[in-house]
>>> print(open('my_file34.cif').read())   # mmCIF, C-alpha atoms
data_upload
#
loop_
_atom_site.label_atom_id
_atom_site.label_comp_id
_atom_site.auth_asym_id
_atom_site.auth_seq_id
_atom_site.Cartn_x
_atom_site.Cartn_y
_atom_site.Cartn_z
CA MET A 1 -49.41 -37.61 15.78
CA MET A 2 -49.04 -34.23 17.46
CA SER A 3 -51.57 -31.52 16.78
CA GLN A 4 -50.28 -28.68 14.67
CA HIS A 5 -52.02 -26.26 17.04
CA MET A 6 -50.32 -27.60 20.13
CA TYR A 7 -48.72 -24.29 21.00
CA GLY A 8 -51.13 -21.89 19.33
CA ASN A 9 -49.80 -18.84 17.45
CA GLY A 10 -47.88 -17.02 20.16
CA THR A 11 -44.29 -16.18 19.28
CA VAL A 12 -42.99 -16.77 22.83
CA PRO A 13 -44.34 -20.36 23.06
CA ARG A 14 -42.99 -21.06 19.59
CA ARG A 15 -39.56 -19.78 20.59
CA ARG A 16 -39.62 -21.86 23.75
CA ALA A 17 -40.61 -24.95 21.77
CA ALA A 18 -37.86 -24.33 19.23
CA MET A 19 -35.31 -23.83 22.02
CA LYS A 20 -36.49 -27.03 23.68
CA LEU A 21 -36.10 -28.92 20.41
CA ALA A 22 -32.58 -27.57 19.93
CA VAL A 23 -31.56 -28.41 23.49
CA LEU A 24 -33.01 -31.90 23.29
CA GLY A 25 -31.30 -32.51 19.96
CA SER A 26 -27.96 -31.35 21.30
CA LEU A 27 -28.39 -33.52 24.39
CA VAL A 28 -29.15 -36.67 22.38
CA LEU A 29 -26.21 -36.11 20.06
CA THR A 30 -23.85 -35.24 22.94
CA VAL A 31 -24.83 -38.35 24.87
CA GLY A 32 -24.41 -40.38 21.71
CA VAL A 33 -20.88 -39.13 21.13
CA THR A 34 -19.76 -39.65 24.71
CA GLY A 35 -21.52 -43.00 24.89
CA THR A 36 -19.67 -44.57 21.99
CA VAL A 37 -16.59 -45.11 24.17
CA ASN A 38 -18.12 -46.25 27.45
CA ALA A 39 -21.35 -47.96 26.42
CA ALA A 40 -20.21 -50.33 23.67
CA PRO A 41 -21.84 -53.78 23.89
CA ALA A 42 -19.76 -56.34 25.73
CA LYS A 43 -18.10 -59.13 23.78
CA HIS A 44 -18.80 -62.71 24.79
CA GLU A 45 -17.47 -66.15 24.07
CA ALA A 46 -18.64 -67.39 20.69
CA GLN A 47 -21.53 -69.83 20.52
CA ARG A 48 -22.89 -71.08 17.22
CA HIS A 49 -26.37 -71.79 18.60
CA SER A 50 -28.49 -69.72 20.94
CA SER A 51 -32.01 -68.63 21.78
CA TYR A 52 -33.29 -65.71 19.74
CA VAL A 53 -36.25 -63.41 20.49
CA ALA A 54 -37.45 -60.84 17.95
CA LEU A 55 -39.36 -57.75 19.10
CA GLY A 56 -40.79 -55.13 16.78
CA ASP A 57 -43.51 -53.58 14.66
CA SER A 58 -44.77 -54.25 11.13
CA TYR A 59 -41.33 -53.62 9.60
CA THR A 60 -40.30 -56.68 11.56
CA SER A 61 -43.45 -58.79 11.29
CA GLY A 62 -43.80 -58.55 7.48
CA PRO A 63 -47.53 -57.99 6.82
CA LEU A 64 -48.95 -59.76 3.72
CA ILE A 65 -45.60 -61.41 2.89
CA PRO A 66 -46.22 -65.13 2.36
CA ARG A 67 -46.58 -67.15 4.48
CA GLN A 68 -48.60 -65.32 7.12
CA VAL A 69 -48.49 -67.26 10.39
CA ASP A 70 -50.25 -64.82 12.74
CA ALA A 71 -53.27 -62.91 11.46
CA ASN A 72 -53.52 -60.74 14.58
CA CYS A 73 -50.01 -59.37 14.11
CA ALA A 74 -49.69 -59.74 10.32
CA ARG A 75 -46.56 -61.81 10.89
CA SER A 76 -44.75 -63.71 8.16
CA ASP A 77 -42.47 -66.71 8.50
CA HIS A 78 -40.32 -65.06 5.83
CA ASN A 79 -39.63 -61.84 7.71
CA TYR A 80 -36.03 -60.91 8.54
CA PRO A 81 -36.01 -62.50 12.02
CA SER A 82 -37.19 -65.83 10.57
CA ILE A 83 -34.59 -65.70 7.80
CA THR A 84 -31.89 -64.81 10.32
CA ALA A 85 -32.91 -67.59 12.70
CA SER A 86 -32.71 -70.10 9.85
CA GLU A 87 -29.32 -68.88 8.63
CA ARG A 88 -27.87 -68.83 12.14
CA HIS A 89 -29.32 -72.28 13.01
CA VAL A 90 -30.55 -71.09 16.39
CA ASP A 91 -31.75 -73.65 18.93
CA SER A 92 -34.77 -71.61 19.98
CA PHE A 93 -36.57 -68.84 18.08
CA THR A 94 -39.48 -66.71 19.27
CA ASP A 95 -40.92 -63.93 17.10
CA VAL A 96 -43.44 -61.70 18.87
CA SER A 97 -43.23 -58.73 16.47
CA CYS A 98 -46.63 -57.27 15.67
CA GLY A 99 -47.95 -54.85 13.09
CA GLY A 100 -48.92 -51.53 14.65
CA ALA A 101 -46.79 -52.02 17.76
CA THR A 102 -45.34 -49.05 19.62
CA THR A 103 -42.95 -49.08 22.56
CA ALA A 104 -46.04 -49.39 24.80
CA GLU A 105 -46.71 -52.87 23.41
CA MET A 106 -43.49 -54.07 24.92
CA TRP A 107 -45.40 -54.03 28.22
CA GLN A 108 -49.03 -54.46 27.18
CA ALA A 109 -50.95 -56.97 25.09
CA GLN A 110 -51.92 -56.23 21.49
CA GLY A 111 -54.93 -58.33 20.63
CA THR A 112 -53.91 -61.95 21.02
CA ASN A 113 -50.23 -60.97 21.19
CA GLY A 114 -49.06 -60.66 24.77
CA PRO A 115 -46.60 -58.03 26.01
CA GLN A 116 -43.61 -58.52 23.77
CA LEU A 117 -41.09 -58.35 26.61
CA ASP A 118 -42.69 -61.45 28.14
CA ALA A 119 -40.91 -63.48 25.47
CA VAL A 120 -37.48 -62.43 26.76
CA GLN A 121 -36.14 -64.87 29.34
CA ARG A 122 -33.07 -64.84 31.53
CA ASP A 123 -31.27 -67.34 29.29
CA THR A 124 -32.17 -65.59 26.01
CA GLY A 125 -29.01 -65.21 23.96
CA LEU A 126 -30.03 -62.73 21.26
CA VAL A 127 -32.73 -60.06 21.17
CA THR A 128 -33.43 -57.85 18.15
CA VAL A 129 -35.56 -54.73 18.58
CA GLN A 130 -37.07 -52.65 15.80
CA ILE A 131 -39.47 -50.09 17.24
CA GLY A 132 -40.22 -46.36 17.19
CA GLY A 133 -41.82 -45.83 13.79
CA ASN A 134 -45.34 -46.02 15.15
CA ASP A 135 -44.40 -43.90 18.16
CA ILE A 136 -43.71 -41.00 15.82
CA GLY A 137 -46.93 -41.74 13.89
CA PHE A 138 -45.54 -43.30 10.73
CA GLY A 139 -48.92 -44.25 9.25
CA SER A 140 -50.38 -40.84 9.96
CA ILE A 141 -47.38 -39.11 8.35
CA ILE A 142 -47.80 -41.12 5.14
CA SER A 143 -51.53 -40.45 4.88
CA THR A 144 -51.19 -36.76 5.78
CA CYS A 145 -48.45 -36.10 3.25
CA ALA A 146 -50.24 -38.02 0.50
CA GLY A 147 -53.44 -36.11 1.20
CA LEU A 148 -51.72 -32.72 1.11
CA SER A 149 -49.79 -33.34 -2.11
CA SER A 150 -52.65 -32.24 -4.36
CA THR A 151 -52.70 -28.79 -2.75
CA ASP A 152 -49.21 -27.99 -4.07
CA PRO A 153 -47.75 -30.83 -6.19
CA ALA A 154 -44.55 -28.90 -6.97
CA GLY A 155 -44.05 -27.59 -3.42
CA ASN A 156 -43.66 -28.92 0.12
CA PRO A 157 -47.13 -28.79 1.73
CA CYS A 158 -46.34 -31.69 4.07
CA GLU A 159 -43.21 -30.04 5.46
CA GLN A 160 -45.12 -26.79 5.90
CA HIS A 161 -47.87 -28.67 7.74
CA TYR A 162 -45.44 -30.10 10.26
CA ARG A 163 -43.70 -26.75 10.74
CA THR A 164 -46.75 -24.52 11.30
CA THR A 165 -45.91 -24.20 14.99
CA GLY A 166 -42.49 -22.69 14.26
CA TYR A 167 -40.51 -25.90 14.69
CA ASP A 168 -40.49 -29.35 13.10
CA GLN A 169 -43.05 -31.47 14.92
CA LEU A 170 -41.65 -34.73 13.57
CA SER A 171 -38.13 -33.96 14.80
CA LEU A 172 -39.55 -33.28 18.25
CA LYS A 173 -41.58 -36.49 18.12
CA ILE A 174 -38.42 -38.45 17.30
CA LEU A 175 -36.61 -36.91 20.26
CA GLN A 176 -39.57 -37.68 22.52
CA THR A 177 -39.43 -41.31 21.38
CA ALA A 178 -35.76 -41.70 22.32
CA PRO A 179 -36.32 -42.27 26.06
CA LYS A 180 -39.11 -44.73 25.25
CA VAL A 181 -36.75 -46.86 23.16
CA ALA A 182 -34.07 -46.54 25.83
CA ARG A 183 -36.54 -47.86 28.41
CA VAL A 184 -37.22 -50.88 26.20
CA LEU A 185 -33.51 -51.66 25.93
CA ARG A 186 -33.01 -51.32 29.68
CA ALA A 187 -35.90 -53.72 30.24
CA VAL A 188 -34.39 -56.23 27.81
CA HIS A 189 -31.05 -56.09 29.60
CA ALA A 190 -32.78 -56.54 32.96
CA LYS A 191 -34.70 -59.60 31.79
CA ALA A 192 -31.80 -61.15 29.83
CA PRO A 193 -28.60 -59.79 31.39
CA HIS A 194 -26.30 -61.90 29.18
CA ALA A 195 -28.11 -61.40 25.87
CA ARG A 196 -26.68 -59.75 22.82
CA VAL A 197 -29.12 -56.90 22.11
CA VAL A 198 -29.38 -55.48 18.60
CA VAL A 199 -31.45 -52.49 17.50
CA VAL A 200 -32.54 -52.72 13.86
CA GLY A 201 -32.99 -49.48 11.92
CA TYR A 202 -35.57 -48.74 9.24
CA PRO A 203 -34.91 -49.17 5.50
CA ASP A 204 -34.78 -46.49 2.80
CA LEU A 205 -38.34 -45.75 1.71
CA LEU A 206 -37.82 -42.88 -0.74
CA PRO A 207 -35.19 -41.59 -3.17
CA ASP A 208 -33.32 -38.42 -2.27
CA ASP A 209 -35.01 -36.20 -4.87
CA GLY A 210 -38.29 -37.96 -5.58
CA THR A 211 -37.39 -38.71 -9.18
CA GLY A 212 -39.81 -41.10 -10.83
CA CYS A 213 -42.18 -41.24 -7.87
CA TYR A 214 -45.30 -39.33 -8.84
CA PRO A 215 -48.07 -40.50 -9.23
CA THR A 216 -47.15 -43.99 -7.98
CA VAL A 217 -45.99 -42.41 -4.73
CA PRO A 218 -48.23 -39.36 -4.35
CA PHE A 219 -46.10 -36.91 -2.39
CA ALA A 220 -45.37 -33.33 -3.44
CA ALA A 221 -42.05 -32.90 -5.22
CA LYS A 222 -40.26 -30.89 -2.52
CA ASP A 223 -41.56 -33.05 0.32
CA PHE A 224 -39.36 -35.99 -0.65
CA PRO A 225 -36.17 -34.54 0.87
CA TYR A 226 -38.10 -33.68 4.04
CA LEU A 227 -39.53 -37.18 4.41
CA ARG A 228 -36.18 -38.76 3.55
CA ASP A 229 -34.43 -36.67 6.22
CA THR A 230 -37.12 -37.54 8.77
CA GLY A 231 -36.36 -41.21 8.21
CA LYS A 232 -32.66 -40.56 8.61
CA ARG A 233 -33.26 -38.65 11.86
CA LEU A 234 -35.30 -41.56 13.21
CA ASN A 235 -32.46 -43.96 12.42
CA LEU A 236 -29.87 -41.61 13.94
CA MET A 237 -31.90 -41.54 17.14
CA LEU A 238 -32.12 -45.33 17.21
CA ARG A 239 -28.37 -45.66 16.60
CA THR A 240 -27.60 -43.19 19.39
CA VAL A 241 -29.96 -44.80 21.89
CA ALA A 242 -28.49 -48.21 21.08
CA LEU A 243 -24.95 -46.99 21.69
CA VAL A 244 -25.72 -45.54 25.11
CA ASN A 245 -27.73 -48.56 26.21
CA ARG A 246 -25.19 -51.33 25.54
CA ALA A 247 -26.82 -52.45 22.31
CA GLU A 248 -25.60 -52.81 18.76
CA TYR A 249 -27.21 -51.16 15.75
CA VAL A 250 -27.98 -52.64 12.34
CA ASP A 251 -28.13 -50.17 9.46
CA THR A 252 -30.80 -51.35 7.02
CA TYR A 253 -30.99 -47.95 5.31
CA ARG A 254 -27.78 -48.01 3.28
CA PRO A 255 -28.24 -51.60 2.02
CA THR A 256 -31.68 -50.68 0.66
CA VAL A 257 -30.73 -47.42 -1.10
CA GLY A 258 -31.70 -47.67 -4.75
CA HIS A 259 -34.53 -50.09 -4.02
CA ASP A 260 -37.11 -47.67 -2.59
CA MET A 261 -40.83 -47.65 -3.31
CA CYS A 262 -40.40 -45.42 -6.38
CA LYS A 263 -38.33 -47.95 -8.30
CA ALA A 264 -39.71 -50.33 -10.95
CA PRO A 265 -41.37 -53.47 -9.56
CA ALA A 266 -38.39 -55.64 -10.47
CA ASP A 267 -35.99 -53.39 -8.55
CA ARG A 268 -38.02 -52.29 -5.54
CA TRP A 269 -37.67 -53.82 -2.11
CA ILE A 270 -40.19 -51.41 -0.55
CA GLU A 271 -43.73 -51.45 -1.92
CA PRO A 272 -45.49 -48.17 -2.87
CA LEU A 273 -48.89 -47.12 -1.53
CA ALA A 274 -50.50 -49.43 -4.12
CA PRO A 275 -48.33 -52.57 -3.80
CA THR A 276 -47.67 -54.83 -6.76
CA SER A 277 -46.05 -57.58 -4.66
CA PRO A 278 -47.41 -59.22 -1.51
CA ALA A 279 -46.55 -56.67 1.18
CA ALA A 280 -48.18 -53.80 3.02
CA PRO A 281 -48.03 -50.30 1.49
CA ALA A 282 -44.76 -48.48 2.23
CA HIS A 283 -43.32 -51.67 3.73
CA PRO A 284 -40.59 -54.13 2.73
CA ASN A 285 -41.56 -56.94 0.39
CA ALA A 286 -39.89 -60.35 0.45
CA LYS A 287 -36.76 -59.00 -1.25
CA GLY A 288 -36.61 -56.17 1.29
CA MET A 289 -36.88 -58.63 4.16
CA GLN A 290 -34.07 -60.67 2.67
CA ALA A 291 -31.88 -57.56 2.45
CA MET A 292 -32.65 -56.60 6.06
CA ALA A 293 -31.89 -60.14 7.18
CA GLN A 294 -28.55 -60.02 5.38
CA ALA A 295 -27.66 -56.76 7.12
CA LEU A 296 -28.50 -58.34 10.47
CA VAL A 297 -26.59 -61.54 9.72
CA ASN A 298 -23.54 -59.52 8.66
CA THR A 299 -23.63 -57.66 11.96
CA LEU A 300 -23.92 -60.88 13.94
CA LYS A 301 -20.98 -62.37 12.08
CA ARG A 302 -18.79 -59.44 13.10
CA GLY A 303 -19.23 -60.33 16.75
CA THR A 304 -20.39 -63.24 18.87
CA TRP A 305 -23.37 -64.08 20.94
CA HIS A 306 -23.83 -66.58 23.74
CA HIS A 307 -26.45 -68.27 25.86
#
>>> encode(input="my_file34.cif", output="structure tokens")
Amino acid sequence: MMSQHMYGNGTVPRRRAAMKLAVLGSLVLTVGVTGTVNAAPAKHEAQRHSSYVALGDSYTSGPLIPRQVDANCARSDHNYPSITASERHVDSFTDVSCGGATTAEMWQAQGTNGPQLDAVQRDTGLVTVQIGGNDIGFGSIISTCAGLSSTDPAGNPCEQHYRTTGYDQLSLKILQTAPKVARVLRAVHAKAPHARVVVVGYPDLLPDDGTGCYPTVPFAAKDFPYLRDTGKRLNLMLRTVALVNRAEYVDTYRPTVGHDMCKAPADRWIEPLAPTSPAAPAHPNAKGMQAMAQALVNTLKRGTWHH
């Protein structure tokens, strides 16, 4: 997570940082718009069976969801890649997703988990990628905002914290993560030139207005829209980067709206900071994984993938 004192208190550095943020944002969106025509993923001859490799972080691996099959990475055999592999009857399935992974772990080992990109082979037919949340400091954001909520429960202390430098630090962090995700996708294409590559977005964690959240989800009332919009900006970045790097995008946000961590246990697909179902705090439970798998399967059905 970026330091809030990164640029000090000078007005000129703050203006420069704000201008940089605006320029970077415009560039990402411009590239995204122009890329939708020329960078669409290629269509291939249909094959029912293929080899599938799943890359990602804890939103992919499914920490604490039964049955855990890799303690180092908190990986479940009922996460969305496993469900998808079963429904698609793939010939070969390799899941190297790992809790806590950033884009760096695509190239470097994480405990007993080797570099995730090592799992991608030249004949791999499908690769899903869900990464970027830890690059922007997801865990730190949750703990920071929860800790600040008591200072102004009716206000937006978290938003103010991330804007003390005169610009939104989280928006900048998302933009800085874009080229890292793009590099991952380029590496996947290089290793598996004929693979269908799919970027998976992050689900809806919070309701739009924070209704019914406190104290189960201890964020200040006016910070909910800020955190919700941060999640949407992260997904917009992932969608844009996918489009300009010959990958598809799976929207898991819209299918999970109405099942966020503030809902009653029977209705929630995302667990709150004190989970009541087997799942990590602020992460999908088994129902959430099923919903994400369905979104992925629906996307795969709309196209084809090959060996």
>>> closest_residue(input="my_file34.cif", among="A:Asp267, A:Asp204, A:Gly303, A:Ala282", to="Ser143 (chain A)", atoms="all atoms listed in the file")
A:Ala282
>>> atom_distance(input="my_file34.cif", atom1="CA of Arg75 (chain A)", atom2="CA of Ala54 (chain A)")
11.6 Å
>>> residues_around(input="my_file34.cif", residues="Ser61 (chain A)", least_positions_apart="4", cutoff="9 Å", atoms="all atoms listed in the file", output="PyMOL selection string")
chain A and resi 55-57+73-81+95-99
>>> closest_residue(input="my_file34.cif", among="A:Gln160, A:Thr151, A:Ser82, A:Ser92", to="Thr124 (chain A)", atoms="all atoms listed in the file")
A:Ser92
>>> residues_around(input="my_file34.cif", residues="Ala221 (chain A)", least_positions_apart="4", cutoff="10 Å", atoms="only C-alpha atoms", output="PDB file with C-alpha atoms, keeping the file's coordinate frame")
ATOM      1  CA  SER A 149     -49.790 -33.340  -2.110  1.00  0.00           C
ATOM      2  CA  ASP A 152     -49.210 -27.990  -4.070  1.00  0.00           C
ATOM      3  CA  PRO A 153     -47.750 -30.830  -6.190  1.00  0.00           C
ATOM      4  CA  ALA A 154     -44.550 -28.900  -6.970  1.00  0.00           C
ATOM      5  CA  GLY A 155     -44.050 -27.590  -3.420  1.00  0.00           C
ATOM      6  CA  ASN A 156     -43.660 -28.920   0.120  1.00  0.00           C
ATOM      7  CA  PRO A 157     -47.130 -28.790   1.730  1.00  0.00           C
ATOM      8  CA  ASP A 209     -35.010 -36.200  -4.870  1.00  0.00           C
ATOM      9  CA  GLY A 210     -38.290 -37.960  -5.580  1.00  0.00           C
ATOM     10  CA  THR A 211     -37.390 -38.710  -9.180  1.00  0.00           C
ATOM     11  CA  CYS A 213     -42.180 -41.240  -7.870  1.00  0.00           C
ATOM     12  CA  TYR A 214     -45.300 -39.330  -8.840  1.00  0.00           C
ATOM     13  CA  PRO A 225     -36.170 -34.540   0.870  1.00  0.00           C
TER      14      PRO A 225
END
>>> atom_distance(input="my_file34.cif", atom1="CA of Ala286 (chain A)", atom2="CA of Ala119 (chain A)")
25.2 Å
>>> closest_residue(input="my_file34.cif", among="A:Met261, A:Leu117, A:Leu243, A:Ala104", to="Ala279 (chain A)", atoms="only C-alpha atoms")
A:Met261
>>> closest_residue(input="my_file34.cif", among="A:Tyr249, A:Tyr202, A:Phe224, A:Tyr167", to="Val127 (chain A)", atoms="only C-alpha atoms")
A:Tyr249
>>> closest_residue(input="my_file34.cif", among="A:Ile136, A:Ala264, A:Val200, A:Ala182", to="Gln169 (chain A)", atoms="only C-alpha atoms")
A:Ile136
>>> resolve_selection(input="my_file34.cif", expression="the PyMOL selection byres ((chain A and resi 245) around 8)", output="VMD selection string")
chain A and resid 39 182 185 to 186 241 to 244 246 to 247
>>> residues_around(input="my_file34.cif", residues="Lys173 (chain A)", least_positions_apart="3", cutoff="8 Å", atoms="all atoms listed in the file", output="JSON, numbers by chain")
{"A": [2, 135, 136, 169, 170, 176, 177]}
>>> residues_around(input="my_file34.cif", residues="region 191-197 of chain A", least_positions_apart="4", cutoff="7 Å", atoms="all atoms listed in the file", output="PyMOL selection string")
chain A and resi 120-128+187+247-248+305
